[in-house]
Every structure is written in C-alpha cells, then in structure tokens.
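Pasted below: coords_19.txt, compact mmCIF, C-alpha atoms and all ligand atoms.
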# COMPACT_ATOMS: atom_id res chain seq x y z
CA MET A 1 -0.23 -15.25 9.55
CA THR A 2 1.56 -17.51 7.13
CA GLY A 3 3.94 -16.64 4.33
CA ALA A 4 7.38 -15.13 4.28
CA VAL A 5 9.18 -12.50 2.32
CA ALA A 6 11.54 -14.27 -0.06
CA GLU A 7 13.69 -13.21 -2.97
CA GLY A 8 11.75 -12.89 -6.18
CA LYS A 9 8.89 -11.03 -7.65
CA LYS A 10 5.81 -12.55 -6.16
CA PHE A 11 4.95 -13.00 -2.51
CA GLU A 12 1.79 -14.38 -1.03
CA PHE A 13 0.52 -14.13 2.52
CA THR A 14 -2.60 -15.22 4.29
CA THR A 15 -3.86 -13.33 7.34
CA GLN A 16 -6.66 -13.82 9.83
CA SER A 17 -6.92 -10.37 11.42
CA GLY A 18 -6.11 -6.72 10.94
CA THR A 19 -3.13 -7.11 13.26
CA ASP A 20 -1.84 -9.93 11.06
CA THR A 21 -2.12 -7.69 8.01
CA ILE A 22 -0.22 -4.92 9.80
CA ASP A 23 2.54 -7.49 10.44
CA VAL A 24 2.61 -8.34 6.73
CA GLY A 25 2.98 -4.61 5.96
CA ARG A 26 5.93 -4.45 8.36
CA LYS A 27 7.65 -7.32 6.56
CA LEU A 28 6.92 -5.83 3.17
CA ALA A 29 8.65 -2.57 4.04
CA ALA A 30 11.91 -4.52 3.95
CA VAL A 31 11.47 -5.51 0.29
CA LEU A 32 10.02 -2.26 -0.97
CA GLN A 33 13.18 -0.66 -2.24
CA PRO A 34 12.40 2.92 -3.36
CA PRO A 35 11.40 4.18 -5.81
CA GLN A 36 8.14 2.23 -5.83
CA LEU A 37 4.70 3.06 -7.11
CA LEU A 38 2.36 0.31 -6.04
CA VAL A 39 -1.28 -0.16 -6.82
CA LEU A 40 -3.25 -1.44 -3.82
CA ARG A 41 -6.19 -3.48 -5.03
CA GLY A 42 -9.02 -5.07 -3.15
CA ASP A 43 -12.67 -4.48 -2.34
CA LEU A 44 -13.70 -1.92 0.23
CA GLY A 45 -12.79 -3.11 3.72
CA THR A 46 -10.34 -5.81 2.69
CA GLY A 47 -7.44 -4.10 4.46
CA LYS A 48 -5.56 -1.86 2.04
CA THR A 49 -5.27 0.97 4.55
CA THR A 50 -4.49 -1.54 7.29
CA LEU A 51 -1.55 -2.84 5.28
CA VAL A 52 -0.20 0.70 4.87
CA LYS A 53 -0.24 1.06 8.66
CA GLY A 54 2.32 -1.74 8.89
CA ILE A 55 4.49 -0.33 6.13
CA ALA A 56 4.44 3.13 7.74
CA GLN A 57 5.26 1.67 11.13
CA ALA A 58 8.24 -0.31 9.86
CA LEU A 59 9.62 2.78 8.15
CA ASP A 60 9.27 4.77 11.36
CA ALA A 61 7.08 7.08 9.33
CA ALA A 62 3.97 6.92 11.52
CA ASP A 63 2.33 4.85 14.22
CA ALA A 64 -0.35 2.48 13.02
CA ASP A 65 -3.13 4.55 14.55
CA GLU A 66 -1.87 7.72 12.86
CA VAL A 67 -2.37 6.17 9.43
CA THR A 68 -5.93 6.76 8.36
CA SER A 69 -7.71 6.48 5.05
CA PRO A 70 -6.95 9.31 2.62
CA THR A 71 -10.45 8.91 1.18
CA PHE A 72 -11.27 12.61 1.36
CA THR A 73 -7.84 14.19 1.53
CA LEU A 74 -6.69 11.97 -1.38
CA ILE A 75 -3.10 11.92 -0.21
CA HIS A 76 -1.19 11.52 3.03
CA GLU A 77 2.53 12.08 3.20
CA TYR A 78 4.93 10.65 5.77
CA GLU A 79 8.66 10.78 6.24
CA GLY A 80 10.54 7.76 7.43
CA VAL A 81 13.83 5.92 7.31
CA ARG A 82 14.76 2.78 5.43
CA GLU A 83 18.16 1.15 5.68
CA GLY A 84 19.50 4.36 7.21
CA ARG A 85 18.23 6.57 4.40
CA PRO A 86 15.31 8.97 4.45
CA VAL A 87 12.25 7.71 2.66
CA LYS A 88 9.05 9.50 1.68
CA LEU A 89 5.88 7.49 1.99
CA TYR A 90 2.83 8.66 0.09
CA HIS A 91 -0.54 7.01 0.68
CA LEU A 92 -3.25 7.84 -1.81
CA ASP A 93 -6.83 6.73 -2.32
CA VAL A 94 -8.13 7.62 -5.77
CA TYR A 95 -11.51 5.90 -5.40
CA ARG A 96 -13.35 9.21 -5.63
CA LEU A 97 -11.46 10.60 -8.57
CA GLU A 98 -13.13 10.47 -11.92
CA GLY A 99 -11.15 10.70 -15.08
CA GLU A 100 -7.50 11.22 -15.86
CA ARG A 101 -7.91 14.98 -15.70
CA GLN A 102 -8.85 14.98 -12.00
CA LEU A 103 -5.99 12.61 -11.41
CA GLU A 104 -3.52 14.90 -13.13
CA SER A 105 -4.16 17.59 -10.54
CA LEU A 106 -2.63 15.26 -7.95
CA GLY A 107 0.64 15.12 -9.89
CA ILE A 108 1.48 11.53 -8.99
CA GLU A 109 4.41 11.48 -11.40
CA ASP A 110 6.09 14.23 -9.35
CA LEU A 111 5.80 12.16 -6.18
CA LEU A 112 7.83 9.30 -7.55
CA THR A 113 11.28 10.57 -6.63
CA ASP A 114 14.19 8.19 -5.94
CA ASP A 115 13.45 8.13 -2.22
CA ALA A 116 9.70 7.58 -2.54
CA ILE A 117 7.29 4.75 -1.89
CA VAL A 118 3.91 5.65 -3.34
CA LEU A 119 0.97 3.43 -2.40
CA VAL A 120 -2.25 4.03 -4.31
CA GLU A 121 -5.53 2.49 -3.24
CA TRP A 122 -7.78 1.95 -6.28
CA GLY A 123 -4.88 2.90 -8.56
CA GLU A 124 -5.93 0.20 -11.04
CA LYS A 125 -8.79 2.50 -12.12
CA PHE A 126 -6.36 4.70 -14.04
CA LYS A 127 -4.32 3.74 -17.05
CA SER A 128 -1.66 6.35 -16.28
CA ILE A 129 -1.12 4.79 -12.85
CA ARG A 130 -1.12 1.21 -14.16
CA LYS A 131 1.48 2.26 -16.70
CA ARG A 132 3.82 3.80 -14.12
CA ALA A 133 3.31 1.20 -11.41
CA THR A 134 6.36 -0.75 -10.28
CA GLY A 135 4.13 -3.40 -8.79
CA GLU A 136 0.83 -4.32 -7.30
CA ILE A 137 -0.50 -5.57 -4.00
CA SER A 138 -3.89 -7.22 -4.04
CA ILE A 139 -5.93 -8.25 -1.07
CA ALA A 140 -8.81 -10.68 -1.34
CA ALA A 141 -11.23 -11.69 1.39
CA THR A 142 -11.40 -15.44 1.88
CA GLY A 143 -14.27 -15.63 4.36
CA GLY A 144 -14.65 -14.06 7.80
CA ASP A 145 -11.50 -12.17 8.68
CA GLY A 146 -9.36 -14.22 6.31
CA ARG A 147 -7.41 -12.45 3.60
CA THR A 148 -4.98 -13.44 0.91
CA ILE A 149 -2.39 -10.78 0.13
CA THR A 150 -0.52 -11.09 -3.14
CA VAL A 151 2.43 -8.84 -3.87
CA MET A 152 3.95 -8.56 -7.31
CA LEU A 153 7.01 -6.42 -7.91
CA LYS A 154 8.47 -5.70 -11.30
CA ASP A 155 12.23 -5.69 -11.72
N1 LIG B 201 -7.23 -10.19 7.84
C1 LIG B 201 -7.51 -8.87 7.87
N2 LIG B 201 -6.71 -7.99 7.23
C2 LIG B 201 -6.99 -6.67 7.22
N3 LIG B 201 -8.04 -6.10 7.82
C3 LIG B 201 -8.88 -6.94 8.49
C4 LIG B 201 -8.65 -8.34 8.53
N4 LIG B 201 -9.66 -8.89 9.26
C5 LIG B 201 -10.44 -7.90 9.64
N5 LIG B 201 -10.00 -6.71 9.18
C6 LIG B 201 -10.65 -5.41 9.42
O1 LIG B 201 -11.15 -4.95 8.17
C7 LIG B 201 -11.03 -3.53 8.08
C8 LIG B 201 -10.20 -3.15 6.86
O2 LIG B 201 -10.30 -1.76 6.69
P1 LIG B 201 -9.35 -0.94 5.74
O3 LIG B 201 -7.94 -1.32 5.96
O4 LIG B 201 -9.72 0.48 5.93
O5 LIG B 201 -9.82 -1.47 4.31
P2 LIG B 201 -9.66 -0.79 2.87
O6 LIG B 201 -8.60 0.26 2.95
O7 LIG B 201 -9.27 -1.94 1.98
O8 LIG B 201 -11.01 -0.26 2.52
C9 LIG B 201 -10.39 -3.07 9.37
O9 LIG B 201 -11.40 -2.66 10.26
C10 LIG B 201 -9.69 -4.32 9.88
O10 LIG B 201 -9.55 -4.35 11.28
MG MG B 202 -8.62 2.27 2.46
Just dump the structure as structure tokens.
Ligand SMILES: Nc1ncnc2c1ncn2[C@@H]1O[C@H](COP(=O)(O)OP(=O)(O)O)[C@@H](O)[C@H]1O
Ligand SMILES: [Mg+2]
Amino acid sequence: MTGAVAEGKKFEFTTQSGTDTIDVGRKLAAVLQPPQLLVLRGDLGTGKTTLVKGIAQALDAADADEVTSPTFTLIHEYEGVREGRPVKLYHLDVYRLEGERQLESLGIEDLLTDDAIVLVEWGEKFKSIRKRATGEISIAATGGDGRTITVMLKD
C-alpha cells in the first residue's frame, strides 16, 4: 500500500490486495468527519465493500468479516465510535434500484444525521444522491489485484 492521508480534499492510494484496501479504509475513517454521504464508485469486484470493512473496523462498528455486501438488503447499519463520540455507519448498495421512486423508499436523506457516515455503492446512478453527496471514493482496477483509490471530499 502506498499513499497517506493528508490535509486537503483529495487523497489517492494504490493497493495490491484486499487486505491493503481494508487498511486504506481504516486510515480513511480518521478523515471522515460526520456527517458524510459518500458515493462509492467502481466496477463490480473492485473493492467497494472491502473498503467499507476497513472503515467499519476502525470505527469499532463491526469486524471486517461481519461487513458483507448489502446487495439484497440494500442497507446495513452499524454503530461505532469516532473520536469518543457515537457514530452511525450506513452501508448501502443501490445497484439494483431502478428510478428515483424506488430510491425514495430508502429515505437516504433521513439517514444523514449529524453523527452519520453514509456510504453508497453505485450512488452515482442517482441524481438525488449525487446532489447530496459530501464526497466520492472511486476505485479503479489497474491490473491483477492492483487498485487505485481516489477520495474526494467537499468542504
Ligand atoms: N487491491 C484490492 N482491493 C480490494 N479488493 C481486492 C484487491 N485485490 C483483490 N481484491 C478482491 O476483490 C474482491 C472485491 O470485492 P468487493 O469488495 O465485494 O467488491 P465490490 O463491492 O466493489 O463489488 C474481494 O474478493 C477482494 O479480496
Ligand atoms: Mg460491493
């Protein structure tokens, strides 16, 4: 793994394994000051769910192996701690949702409370999510198990 979390809006990491990407997630938890609504972009199997494992672990919200893909359940909710304060971690996968109306039934806007970090796989599909997003994490495969992870946070 290369790359470090620095001050600023854009961070880039390269990883060579799922474990590396979990480590990146652990580092990221430190800069994800709630409230955050982040779109997780990247092709199927690039490691979006894997990254969430690291974030959940660092927040003491769940062990890595307890974090699974919310493909069918659409949303997983965890409770953790960040800088001594309770934090709610929501992990969504909206790949299967079609149209804003189906999305509305999830009530994403109600999840984004002051203590919340909301991570939405495939969130870029929906304008209403893009509009509300406080940032974006994209993962691109670079050959074999290599990945580039780019994190952009708005102010
Ligand atoms: N550098 C890497 N980063 C993340 N996952 C990787 C990497 N190399 C291999 N993998 C494997 O790729 C798979 C990614 O799956 P997953 O996180 O569910 O992807 P997504 O949620 O993007 O569909 C896992 O089996 C993981 O072990
Ligand atoms: Mg996934």
Considering all atoms listed in the file, can you say which of A:Gly80, A:Pro34, A:Gly25, A:Gly123 comes closest to Lys53 (chain A)?
A:Gly25
Cut-off 8 Å: closest chain A/ligand MG 202 (chain B) atom pairs per residue, using all atoms listed in the file, as a Markdown table:
| residue | atom | partner | partner_atom | distance |
| --- | --- | --- | --- | --- |
| A:Leu44 | CA | B:MG202 | MG | 7.0 |
| A:Gly45 | CA | B:MG202 | MG | 6.9 |
| A:Gly47 | CA | B:MG202 | MG | 6.8 |
| A:Lys48 | CA | B:MG202 | MG | 5.2 |
| A:Thr49 | CA | B:MG202 | MG | 4.2 |
| A:Thr50 | CA | B:MG202 | MG | 7.4 |
| A:Thr68 | CA | B:MG202 | MG | 7.9 |
| A:Ser69 | CA | B:MG202 | MG | 5.0 |
| A:Pro70 | CA | B:MG202 | MG | 7.2 |
| A:Thr71 | CA | B:MG202 | MG | 7.0 |
| A:Asp93 | CA | B:MG202 | MG | 6.8 |
| A:Glu121 | CA | B:MG202 | MG | 6.5 |
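Across the structure, CA of Arg130 (chain A) and CA of Gly99 (chain A) are spaced 13.8 Å apart.
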Give me the box for region 16-28 of chain A as lines of an AutoDock Vina configuration file, namely the centre and edge lengths in Å to one decimal of a box along x, y and z that holds every listed atom plus 5 Å on each side.
center_x = 0.4
center_y = -9.1
center_z = 8.2
size_x = 24.6
size_y = 19.4
size_z = 20.1
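Closest approach to ligand LIG 201 (chain B) from the set A:Ala56, A:Val31, A:Val39, A:Ile149 is made by A:Ile149, with distances taken over only C-alpha atoms and all ligand atoms.
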Would you mind listing the residues within 8 Å of ligand LIG 201 (chain B), counting only C-alpha atoms and all ligand atoms, as a PyMOL selection string?
chain A and resi 14-22+41-51+68-69+121+139+141+144-148
File of the preceding selection, C-alpha atoms, as an mmCIF file, in the frame of the given file:
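Result went into out_31.cif, see below:
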data_model
loop_
_atom_site.group_PDB
_atom_site.id
_atom_site.type_symbol
_atom_site.label_atom_id
_atom_site.label_comp_id
_atom_site.auth_asym_id
_atom_site.auth_seq_id
_atom_site.Cartn_x
_atom_site.Cartn_y
_atom_site.Cartn_z
ATOM 1 C CA THR A 14 -2.600 -15.220 4.290
ATOM 2 C CA THR A 15 -3.860 -13.330 7.340
ATOM 3 C CA GLN A 16 -6.660 -13.820 9.830
ATOM 4 C CA SER A 17 -6.920 -10.370 11.420
ATOM 5 C CA GLY A 18 -6.110 -6.720 10.940
ATOM 6 C CA THR A 19 -3.130 -7.110 13.260
ATOM 7 C CA ASP A 20 -1.840 -9.930 11.060
ATOM 8 C CA THR A 21 -2.120 -7.690 8.010
ATOM 9 C CA ILE A 22 -0.220 -4.920 9.800
ATOM 10 C CA ARG A 41 -6.190 -3.480 -5.030
ATOM 11 C CA GLY A 42 -9.020 -5.070 -3.150
ATOM 12 C CA ASP A 43 -12.670 -4.480 -2.340
ATOM 13 C CA LEU A 44 -13.700 -1.920 0.230
ATOM 14 C CA GLY A 45 -12.790 -3.110 3.720
ATOM 15 C CA THR A 46 -10.340 -5.810 2.690
ATOM 16 C CA GLY A 47 -7.440 -4.100 4.460
ATOM 17 C CA LYS A 48 -5.560 -1.860 2.040
ATOM 18 C CA THR A 49 -5.270 0.970 4.550
ATOM 19 C CA THR A 50 -4.490 -1.540 7.290
ATOM 20 C CA LEU A 51 -1.550 -2.840 5.280
ATOM 21 C CA THR A 68 -5.930 6.760 8.360
ATOM 22 C CA SER A 69 -7.710 6.480 5.050
ATOM 23 C CA GLU A 121 -5.530 2.490 -3.240
ATOM 24 C CA ILE A 139 -5.930 -8.250 -1.070
ATOM 25 C CA ALA A 141 -11.230 -11.690 1.390
ATOM 26 C CA GLY A 144 -14.650 -14.060 7.800
ATOM 27 C CA ASP A 145 -11.500 -12.170 8.680
ATOM 28 C CA GLY A 146 -9.360 -14.220 6.310
ATOM 29 C CA ARG A 147 -7.410 -12.450 3.600
ATOM 30 C CA THR A 148 -4.980 -13.440 0.910
#
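Interatomic distance, CA of Val151 (chain A) against CA of Asp65 (chain A): 23.4 Å.
Minimum distance to Asp63 (chain A) across A:Arg82, A:Ile75, A:Asp155, A:Arg26 (counting all atoms listed in the file) occurs at A:Arg26.
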Give me the residues within 12 Å of Glu104 (chain A) as a ChimeraX atom specification, counting all atoms listed in the file and dropping any in the same chain fewer than 5 places off.
/A:94,97-99,109-111,126-129
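In this model, the gap between CA of Ala29 (chain A) and CA of Leu106 (chain A) comes to 24.3 Å.
Across A:Met152, A:Glu100, A:Leu38, A:Ile55, the tightest approach to Trp122 (chain A) is made by A:Leu38 when counting all atoms listed in the file.
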Using only C-alpha atoms, pick whichever of A:His76, A:Arg132, A:Lys154, A:Arg96 has the shortest atom-to-atom distance to Leu32 (chain A).
A:Lys154
Can you tell me which residues surround Glu77 (chain A) at a distance of at most 10 Å, considering only C-alpha atoms, apart from same-chain residues fewer than 5 positions away, and format the answer as a ChimeraX atom specification?
/A:61-62,67,70,88-92,111,118
How would the residues just chosen look if you wrote them out with C-alpha atoms as an mmCIF file, in the coordinates of the input?
data_model
loop_
_atom_site.group_PDB
_atom_site.id
_atom_site.type_symbol
_atom_site.label_atom_id
_atom_site.label_comp_id
_atom_site.auth_asym_id
_atom_site.auth_seq_id
_atom_site.Cartn_x
_atom_site.Cartn_y
_atom_site.Cartn_z
ATOM 1 C CA ALA A 61 7.080 7.080 9.330
ATOM 2 C CA ALA A 62 3.970 6.920 11.520
ATOM 3 C CA VAL A 67 -2.370 6.170 9.430
ATOM 4 C CA PRO A 70 -6.950 9.310 2.620
ATOM 5 C CA LYS A 88 9.050 9.500 1.680
ATOM 6 C CA LEU A 89 5.880 7.490 1.990
ATOM 7 C CA TYR A 90 2.830 8.660 0.090
ATOM 8 C CA HIS A 91 -0.540 7.010 0.680
ATOM 9 C CA LEU A 92 -3.250 7.840 -1.810
ATOM 10 C CA LEU A 111 5.800 12.160 -6.180
ATOM 11 C CA VAL A 118 3.910 5.650 -3.340
#
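Candidate residues A:Gly143, A:Leu74, A:Thr150, A:Ile137 were compared for distance to Gln102 (chain A), and the nearest is A:Leu74, using only C-alpha atoms.
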